[in-house]
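What follows is a set of notes on a single structure, which appears directly below.
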Amino acid sequence: MAAPLPDPEHLLAALASRMKPSMGPETGIVGIYTGGAWVAERLHRALELKTPLGLLAVTLHRDDFGRIGLHREARRSHLPFEVEGRDIILVDDVLHTGRTLRAALNELWDFGRPRSVRVAVLADRGGRELPLCADFTGEVVAVDAGEDLVLTNEGGKLRLAAVRRPE
Amino acid sequence: MNPNPQVDSQGRLIHLLTTEGLSAQMIRHILDTASQFVSVNEREVKKVPLLRGKSIFNVFFENSTRTRTTFEIAAKRLSADVINLNIGASSTAKGETLLDTIWNLQAMDADMFVVRHAEAGAPHLIARHVKPGVHVVNAGDGRHAHPTQGLLDMYTIRHYKKDFTRLVVAIVGDVLHSRVARSEIHALKTLGVPEVRVIGPKTLLPVDIERLGVRVFHDLAEGLRDCDVIITLRLQNERMSGPLLPSAGEFHKAYGLTPERLARARPDAIVMHPGPLNRGVEIDSGVADGTHSVIMPQVTFGIAVRMAVMAILAGNA
């Protein structure tokens with residue numbers, strides 16, 4: 001029987017404490033829609049950051065557009081600070097293949113050239129298809145190869161679930 | 001024969017030929033997608049890779065530098081390769097048929113055709129004869145339709161007015177010859193606009209226009225009363241004198257949008273125009289350049305809406 005999945009609230013607290021020593025007053029924190037945005041909002045509050053929260057929509061840089069087309073739900077990237085020359089922390093909920101991060105880096109570069117980019121994720125489930133890794137991780141979580149690890153948000157209550165991938 | 005060739009068996013948009021019959025959900029999807037592209041166009045790098053490797057042929061059997069340019073910019077911002085063809089001056093002049101021209105271009109591995117033609121129905125004909133996976137966008141056909149202009153006008157109205165269901169929208173001028181007006185009326189009715197008015201002289205309004213669910217006015221001042229949105233149509237040069245109209249001056253006197261007449265509309269009314277403007281004919285400079293005018297934002301939104309249409313079509317290969 002698989003181990004129970006961790007509580008996202010505990011992962012958020014662990015992640016925030018790991019990130020705290022590395023945060024400068026000008027560090028920009030940027031959440032990737034959808035789950036990464038929820039995590040980034042919580043981290044932004046917990047770390048009491050002065051720089052406003054940034055949000056990235058990566059749809060326009062996905063590498064599977066030719067197969068699946070555009071999502072019905074359109075979101076816009078919103079970076080309410082100067083990206084050029086800034087230290088940025090990209091935040092996502094689950095790190096898996098690395099393709100979302102690749103798209104996020106491309107999207108970020110359309111706004112300017114950051115000084116550095118680091119990555120924070122709530123859960124790393126492995127299975128990388130690109131040479132990318134996280135600098136800050138809530139926890140490494142084991143999930144079956146045929147399952148997706150999904151973060152849901154019900155009225156602000158975050159929950160992790162393993163969902164069987166459709167054949 | 002498929003009665004609606006712009007939609008496939010799963011209800012996905014594969015061509016954009018007209019706004020007639022497009023669902024409200026599909027129109028909203030196009031407008032929502034366009035809003036993402038508006039933000040792309042505001043960035044330092046105004047380019048995304050969605051159509052990288054795709055070839056888009058702008059096939060203009062009728063000249064229009066402005067429309068062709070907006071499609072070209074939209075395609076290039078999606079990273080497509082764009083080929084502009086002014087067919088009127090070449091193939092058809094040598095006797096080649098419309099479909100021969102398209103089939104030749106298709107053999108050059110075109111992924112999408114953006115077609116303008118003086119004859120209504122030409123883009124429909126092309127859409128019925130291209131290979132699966134090749135898309136057609138109507139960039140204006142005869143008096144029939146100009147769907148991307150209609151959709152960019154919907155985007156503009158939504159941007160300023162938010163909700164379609166409480167609006168009074170007036171379309172003023174030469175509705176008879178306007179493919180833009182038809183595309184707008186279909187989209188406005190689908191999106192739930194309760195009152196669409198058309199205003200013009202009898203000679204420039206189609207006799208059965210009420211069939212589209214619009215109110216007809218021949219008196220401009222009366223028709224503009226309490227309007228939220230005023231769409232002024234371009235009066236084409238060849239109509240400015242002749243059997244339909246005494247002169248451009250006469251038209252302006254009766255139907256030109258002046259600041260005084262605009263005052264009959266609601267104080268927060270917006271004024272739109274598909275361009276290019278005939279200043280002093282259908283619209284005064286004081287209105288075109290005034291605080292109610294959203295004519296320049298229309299042009300900006302037009303790029304984003306055309307990007308959205310092309311990206312949605314290409315994603316539904």
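All residue names refer to the structure tokens as shown: chains lettered A, B, ... in order, residues numbered from 1 in each chain, ligands numbered from 1 in order.
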Please provide the set of residues having any atom within 8 Å of segment 57-65 of chain A, restricted to only C-alpha atoms, with same-chain residues fewer than 5 positions apart removed, written as a list of chain:residue names.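 Residues meeting the cut-off are A:Ile32, A:Tyr33, A:Leu70, A:His71, A:Arg75, A:Arg76, A:Ser77, A:Arg99, A:Thr100, A:Ala103, A:Ala104, A:Asn106, A:Glu107, B:Val48, B:Pro49, B:Leu50, B:Gly315.
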With a cut-off of 6 Å and counting only C-alpha atoms, select all residues of chain A in contact with chain B and give the selection as a list of chain:residue names.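 The selection requested is A:Gly66, A:Gly69, A:Ala74, A:Arg76, A:Asp110.
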So which residues touch Val281 of chain B within 7 Å, counting only C-alpha atoms, skipping near sequence neighbours fewer than 3 positions away, as a list of chain:residue names? B:Ala248, B:Gly249, B:Phe251, B:His252, B:Gly256, B:Asn278
May I have the residues within 12 Å of Asn237 of chain B as a compact mmCIF listing (two decimals) with all heavy atoms, in the first residue's frame, using only C-alpha atoms and disregarding those fewer than 5 positions away in the same chain?
```txt
# COMPACT_ATOMS: atom_id res chain seq x y z
N ASP B 174 -23.36 53.17 -44.22
CA ASP B 174 -23.62 52.32 -45.38
C ASP B 174 -23.65 50.84 -44.99
O ASP B 174 -22.70 50.09 -45.24
CB ASP B 174 -22.54 52.59 -46.44
CG ASP B 174 -22.79 51.80 -47.71
OD1 ASP B 174 -23.83 51.14 -47.81
OD2 ASP B 174 -21.91 51.84 -48.59
N GLY B 242 -23.89 59.43 -56.97
CA GLY B 242 -24.52 58.40 -57.79
C GLY B 242 -25.93 58.14 -57.34
O GLY B 242 -26.50 58.92 -56.58
N LEU B 245 -26.80 57.98 -53.40
CA LEU B 245 -26.46 59.10 -52.51
C LEU B 245 -26.17 60.34 -53.35
O LEU B 245 -25.45 60.25 -54.35
CB LEU B 245 -25.18 58.69 -51.77
CG LEU B 245 -24.90 59.26 -50.41
CD1 LEU B 245 -25.94 58.78 -49.42
CD2 LEU B 245 -23.52 58.76 -49.96
N SER B 247 -24.34 63.16 -52.56
CA SER B 247 -22.93 63.55 -52.49
C SER B 247 -22.42 63.27 -51.08
O SER B 247 -23.19 63.05 -50.14
CB SER B 247 -22.78 65.04 -52.78
OG SER B 247 -23.32 65.78 -51.70
N ALA B 248 -21.08 63.33 -50.96
CA ALA B 248 -20.46 63.13 -49.64
C ALA B 248 -20.92 64.23 -48.68
O ALA B 248 -21.17 63.98 -47.49
CB ALA B 248 -18.95 63.13 -49.78
N PRO B 276 -10.31 52.59 -43.05
CA PRO B 276 -9.75 53.93 -42.82
C PRO B 276 -10.86 54.99 -42.79
O PRO B 276 -11.91 54.81 -43.38
CB PRO B 276 -8.82 54.12 -44.03
CG PRO B 276 -9.29 53.17 -45.07
CD PRO B 276 -10.01 52.06 -44.39
N LEU B 277 -10.58 56.09 -42.08
CA LEU B 277 -11.60 57.12 -41.84
C LEU B 277 -11.75 58.05 -43.04
O LEU B 277 -10.76 58.41 -43.68
CB LEU B 277 -11.17 58.00 -40.66
CG LEU B 277 -10.90 57.36 -39.30
CD1 LEU B 277 -10.24 58.39 -38.39
CD2 LEU B 277 -12.19 56.87 -38.69
N ASN B 278 -12.98 58.44 -43.31
CA ASN B 278 -13.22 59.60 -44.18
C ASN B 278 -13.59 60.76 -43.26
O ASN B 278 -14.76 60.93 -42.90
CB ASN B 278 -14.41 59.35 -45.11
CG ASN B 278 -14.08 58.39 -46.23
OD1 ASN B 278 -13.04 58.52 -46.86
ND2 ASN B 278 -14.96 57.44 -46.47
N VAL B 281 -16.72 63.17 -43.60
CA VAL B 281 -17.81 62.51 -44.33
C VAL B 281 -18.65 61.74 -43.31
O VAL B 281 -19.65 62.24 -42.83
CB VAL B 281 -17.28 61.59 -45.45
CG1 VAL B 281 -18.45 60.94 -46.20
CG2 VAL B 281 -16.40 62.38 -46.42
N GLU B 282 -18.20 60.52 -42.91
CA GLU B 282 -19.02 59.79 -41.91
C GLU B 282 -18.68 60.20 -40.48
O GLU B 282 -19.45 59.94 -39.56
CB GLU B 282 -18.88 58.27 -42.09
CG GLU B 282 -17.52 57.69 -41.74
CD GLU B 282 -16.60 57.56 -42.94
OE1 GLU B 282 -17.01 58.01 -44.04
OE2 GLU B 282 -15.48 57.06 -42.79
```
Residue nearest Ile88 of chain A among A:Ala13, A:Leu108, A:Val150, A:Ala134 (counting only C-alpha atoms): A:Leu108
May I have the residues within 8 Å of segment 78-87 of chain A as a PyMOL selection string, using only C-alpha atoms and disregarding those fewer than 2 positions away in the same chain? chain A and resi 26-28+30+51-56+76+89+111-117
Please give the complete set of residues from segment 118-235 of chain B that DSSP, run on the backbone, assigns to helix (DSSP H, G or I), formatted as number ranges by chain. B: 122-129, 147-161, 164-166, 179-190, 202-204, 209-212, 220-224
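A straight line drawn from atom CA of Leu167 of chain B to atom CA of Ile270 of chain B is 11.4 Å long.
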So that I can check the surroundings of Thr34 of chain A, please list as a PDB file with N, CA and C atoms, in the first residue's frame every protein, DNA and RNA residue that reaches within 9 Å of it, counting only C-alpha atoms and ignoring chain neighbours fewer than 4 positions away.
```pdb
ATOM      1  N   TRP A  38      -1.017  29.298  -6.424  1.00  0.00           N
ATOM      2  CA  TRP A  38      -1.550  29.156  -5.046  1.00  0.00           C
ATOM      3  C   TRP A  38      -0.402  29.047  -4.047  1.00  0.00           C
ATOM      4  N   ALA A  57       1.741  32.705 -16.795  1.00  0.00           N
ATOM      5  CA  ALA A  57       0.942  31.770 -17.591  1.00  0.00           C
ATOM      6  C   ALA A  57       1.873  31.212 -18.664  1.00  0.00           C
ATOM      7  N   ASP A  92       6.447  26.399  -8.323  1.00  0.00           N
ATOM      8  CA  ASP A  92       5.422  25.506  -8.873  1.00  0.00           C
ATOM      9  C   ASP A  92       4.964  24.538  -7.790  1.00  0.00           C
ATOM     10  N   ASP A  93       3.822  23.893  -8.041  1.00  0.00           N
ATOM     11  CA  ASP A  93       3.318  22.958  -7.024  1.00  0.00           C
ATOM     12  C   ASP A  93       4.055  21.626  -7.091  1.00  0.00           C
TER      13      ASP A  93
END
```
Write out as a list in words each polymer residue whose atoms come within 12 Å of Glu9 of chain A, counting only C-alpha atoms; drop sequence neighbours fewer than 4 positions from it.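 Using only C-alpha atoms, the neighbours found are Leu5, Ala13, Ala14, Leu15, Ala16, Trp38, Val39, Arg42, Leu43, Ala46, Leu122, Ala123, Gly138, Glu139, Leu151, Asn153, Gly156, Lys157, Leu158, Arg159 and Leu160 of chain A.
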Would you save the residues from that selection as a PDB file, in the first residue's frame, using N, CA and C atoms?
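Below you can see selection_1.pdb, which holds the result:
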```
ATOM      1  N   LEU A   5      -0.140  10.671   1.309  1.00  0.00           N
ATOM      2  CA  LEU A   5       0.504  11.880   0.763  1.00  0.00           C
ATOM      3  C   LEU A   5       0.638  12.929   1.860  1.00  0.00           C
ATOM      4  N   ALA A  13       5.126  25.148   5.101  1.00  0.00           N
ATOM      5  CA  ALA A  13       5.919  25.659   6.238  1.00  0.00           C
ATOM      6  C   ALA A  13       7.388  25.267   6.074  1.00  0.00           C
ATOM      7  N   ALA A  14       7.623  24.007   5.638  1.00  0.00           N
ATOM      8  CA  ALA A  14       8.999  23.543   5.442  1.00  0.00           C
ATOM      9  C   ALA A  14       9.679  24.341   4.334  1.00  0.00           C
ATOM     10  N   LEU A  15       8.934  24.551   3.259  1.00  0.00           N
ATOM     11  CA  LEU A  15       9.483  25.264   2.104  1.00  0.00           C
ATOM     12  C   LEU A  15       9.842  26.710   2.480  1.00  0.00           C
ATOM     13  N   ALA A  16       8.934  27.366   3.177  1.00  0.00           N
ATOM     14  CA  ALA A  16       9.168  28.762   3.569  1.00  0.00           C
ATOM     15  C   ALA A  16      10.405  28.872   4.452  1.00  0.00           C
ATOM     16  N   TRP A  38      -1.017  29.298  -6.424  1.00  0.00           N
ATOM     17  CA  TRP A  38      -1.550  29.156  -5.046  1.00  0.00           C
ATOM     18  C   TRP A  38      -0.402  29.047  -4.047  1.00  0.00           C
ATOM     19  N   VAL A  39       0.598  28.233  -4.401  1.00  0.00           N
ATOM     20  CA  VAL A  39       1.734  28.038  -3.493  1.00  0.00           C
ATOM     21  C   VAL A  39       2.502  29.354  -3.325  1.00  0.00           C
ATOM     22  N   ARG A  42       0.853  31.845  -0.979  1.00  0.00           N
ATOM     23  CA  ARG A  42       1.039  31.476   0.424  1.00  0.00           C
ATOM     24  C   ARG A  42       2.467  31.774   0.888  1.00  0.00           C
ATOM     25  N   LEU A  43       3.434  31.471   0.032  1.00  0.00           N
ATOM     26  CA  LEU A  43       4.833  31.733   0.395  1.00  0.00           C
ATOM     27  C   LEU A  43       5.084  33.235   0.518  1.00  0.00           C
ATOM     28  N   ALA A  46       3.782  34.254   3.810  1.00  0.00           N
ATOM     29  CA  ALA A  46       4.553  33.688   4.931  1.00  0.00           C
ATOM     30  C   ALA A  46       5.923  34.355   5.061  1.00  0.00           C
ATOM     31  N   LEU A 122       6.606  22.631  -4.177  1.00  0.00           N
ATOM     32  CA  LEU A 122       6.004  22.022  -3.001  1.00  0.00           C
ATOM     33  C   LEU A 122       6.390  20.543  -2.925  1.00  0.00           C
ATOM     34  N   ALA A 123       6.294  19.857  -4.083  1.00  0.00           N
ATOM     35  CA  ALA A 123       6.611  18.427  -4.108  1.00  0.00           C
ATOM     36  C   ALA A 123       7.382  18.085  -5.371  1.00  0.00           C
ATOM     37  N   GLY A 138       9.669  21.195  -0.914  1.00  0.00           N
ATOM     38  CA  GLY A 138       8.932  20.851   0.301  1.00  0.00           C
ATOM     39  C   GLY A 138       9.249  19.429   0.702  1.00  0.00           C
ATOM     40  N   GLU A 139       9.073  18.510  -0.254  1.00  0.00           N
ATOM     41  CA  GLU A 139       9.356  17.098   0.018  1.00  0.00           C
ATOM     42  C   GLU A 139       9.419  16.343  -1.300  1.00  0.00           C
ATOM     43  N   LEU A 151      -2.376  19.123  -7.092  1.00  0.00           N
ATOM     44  CA  LEU A 151      -2.721  19.989  -5.958  1.00  0.00           C
ATOM     45  C   LEU A 151      -4.088  20.608  -6.238  1.00  0.00           C
ATOM     46  N   ASN A 153      -7.343  23.183  -4.655  1.00  0.00           N
ATOM     47  CA  ASN A 153      -7.566  24.308  -3.744  1.00  0.00           C
ATOM     48  C   ASN A 153      -9.063  24.473  -3.551  1.00  0.00           C
ATOM     49  N   GLY A 156      -9.270  27.821  -0.383  1.00  0.00           N
ATOM     50  CA  GLY A 156      -8.029  28.139   0.327  1.00  0.00           C
ATOM     51  C   GLY A 156      -7.399  26.935   1.013  1.00  0.00           C
ATOM     52  N   LYS A 157      -8.116  25.822   1.052  1.00  0.00           N
ATOM     53  CA  LYS A 157      -7.577  24.606   1.667  1.00  0.00           C
ATOM     54  C   LYS A 157      -6.876  23.782   0.585  1.00  0.00           C
ATOM     55  N   LEU A 158      -5.542  23.675   0.713  1.00  0.00           N
ATOM     56  CA  LEU A 158      -4.768  22.952  -0.300  1.00  0.00           C
ATOM     57  C   LEU A 158      -4.716  21.467   0.047  1.00  0.00           C
ATOM     58  N   ARG A 159      -4.769  20.637  -1.012  1.00  0.00           N
ATOM     59  CA  ARG A 159      -4.742  19.198  -0.795  1.00  0.00           C
ATOM     60  C   ARG A 159      -4.000  18.532  -1.944  1.00  0.00           C
ATOM     61  N   LEU A 160      -3.154  17.557  -1.632  1.00  0.00           N
ATOM     62  CA  LEU A 160      -2.441  16.796  -2.662  1.00  0.00           C
ATOM     63  C   LEU A 160      -3.176  15.483  -2.894  1.00  0.00           C
TER      64      LEU A 160
END
```
